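Novice: Sharing a structure below in structure tokens format, with a few things to ask.
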Amino acid sequence: MSVPEPFAPPPVSVWGPSSPPRPITISVANGKAYVWDAGAVLELRSRYHIVGALVGTLPRMPLQNTFYGLPLSLMPEEVTLLLERGYVHLVDEGLSYHAPSAEDMKKWDDSRAEEAREYARAKKIAADALREQKIAAAKMNGLGPRLGPRAQDGASAEPEGAAVGDAGLVAGTSETAKRNLDEGLTSFFDDSGAAEDSVVSEPPASSSPSPLPSTAPQSTSTSVASRPTHVPFPVSTPTSSTSLPWYNEGVDELVPTTLDDARAKGIWTWPRTQSEQLRYKVFRGLWERGYYITSGSKFGGDYLMYPGEVS
């Protein structure tokens, strides 16, 4: 195995213009250290050869355990090394949350209720657009939906001898049936448009050509094809606690946390024992030689060393 060049990242005092304006934030919870910012994860690996381990579930791939996302979990050796050199500051997550006030909770509840109302409005638009697309396609094929009394509005009954399919479509052959179908569709669209306008304003029509033929019926203000027919449920999960009104780091972000300061405040006390001190000295020595280091517990060892970037 090739031996990498000795590694000595620049101290905070000589960071250049392209460097971060402040030390990286590390969140500490129950004695474990985590990094929640993707830019900070990249900075740790590219500048300081700190790898860590991603332990979060991917939002779009929750039912697997091969690929992981944020947060990045750091080994205690990595945290102590970063503290010693002034590259990070620690945030005690246990002390960063205060009890929300009644006003805070009202704002939170109001924002969630508005998301639910917005979903209901978008869902109605999508349902109306899908229904109109189906009616337009049926009309172009010489078929008509079995419209209700409100949509038919006095139209005559279904013609004798009409063929009724499994989907509830009626095939009429007489001119009277076709005329009644046109009147019923017009009434249906007028009523649907009026009800829709009372709930939410129409989205702007798309500039792209409609995939439906030119004979497809139009709604009162926008084409059927330009309106969405599927609306995902807006489950809003805040990705950062810093936006919550009841969260406060309570740390001067311009001043890095030193190891002695972290010990005095009880935020970080590793290494405590002689064995932990020995482990840290070994880790620091390997890191200073330029190795990328990860946990070796999976293979029955303390560390895995890589002379280059970990793939």
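To be explicit about the labels: the chains of the structure tokens are called A, B, and onward in the order shown, and within each one the residues are counted from 1, while ligands get numbers from 1 in the order they are shown.
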Mind checking which residues fall within 12 Å of Trp246 (chain A), counting only C-alpha atoms, ignoring those fewer than 4 positions away in the same chain, and posting them as a list in words?
Specialist: Leu95, Ser96, Tyr97, His98, Ala99, Pro100, Ser101, Ala102, Glu103, Asp104, Met105, Lys107, Trp108, Ser241, Thr242 and Gly250 of chain A
Novice: Can you pull out the residues contacting Gln277 (chain A)? Cut-off 12 Å, using only C-alpha atoms, and skip same-chain residues under 5 positions away; I want them as a PyMOL selection string.
Specialist: chain A and resi 76-77+80-81+269-272+282-284
Novice: So what do you get for CA of Pro23 (chain A) versus CA of His89 (chain A), distance-wise?
Specialist: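 Separating CA of Pro23 (chain A) from CA of His89 (chain A) is a distance of 6.2 Å.
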Novice: Using only C-alpha atoms, can you tell me which of A:Ala127, A:Ala122, A:Ile293, A:Leu83 comes closest to Arg263 (chain A)?
Specialist: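 Using only C-alpha atoms, Arg263 (chain A) sits closest to A:Leu83.
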Novice: Just to confirm, what's the straight-line distance from CA of Gly290 (chain A) to CA of His49 (chain A) in Å (one decimal)?
Specialist: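 Going from CA of Gly290 (chain A) over to CA of His49 (chain A), I get 7.8 Å.
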Novice: Mind pulling up the distance from CA of Leu259 (chain A) to CA of Met305 (chain A)?
Specialist: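 Atom-to-atom, CA of Met305 (chain A) to CA of Leu259 (chain A), that is 25.0 Å.
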Novice: Could you give me, as a list in words, each residue of region 1-93 of chain A that DSSP assigns to strand (DSSP E or B) when run on this structure's backbone?
Specialist: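 DSSP-assigned strand (DSSP E or B) residues in region 1-93 of chain A: Ile24, Thr25, Ile26, Ser27, Val28, Ala29, Lys32, Ala33, Tyr34, Val35, Ile50, Ala53, Leu54, Val55, Gly56, Leu58, Met61, Gly69, Leu70, Pro71, Leu72, Ser73, Leu74, Val88, His89, Leu90, Val91 and Asp92 of chain A.
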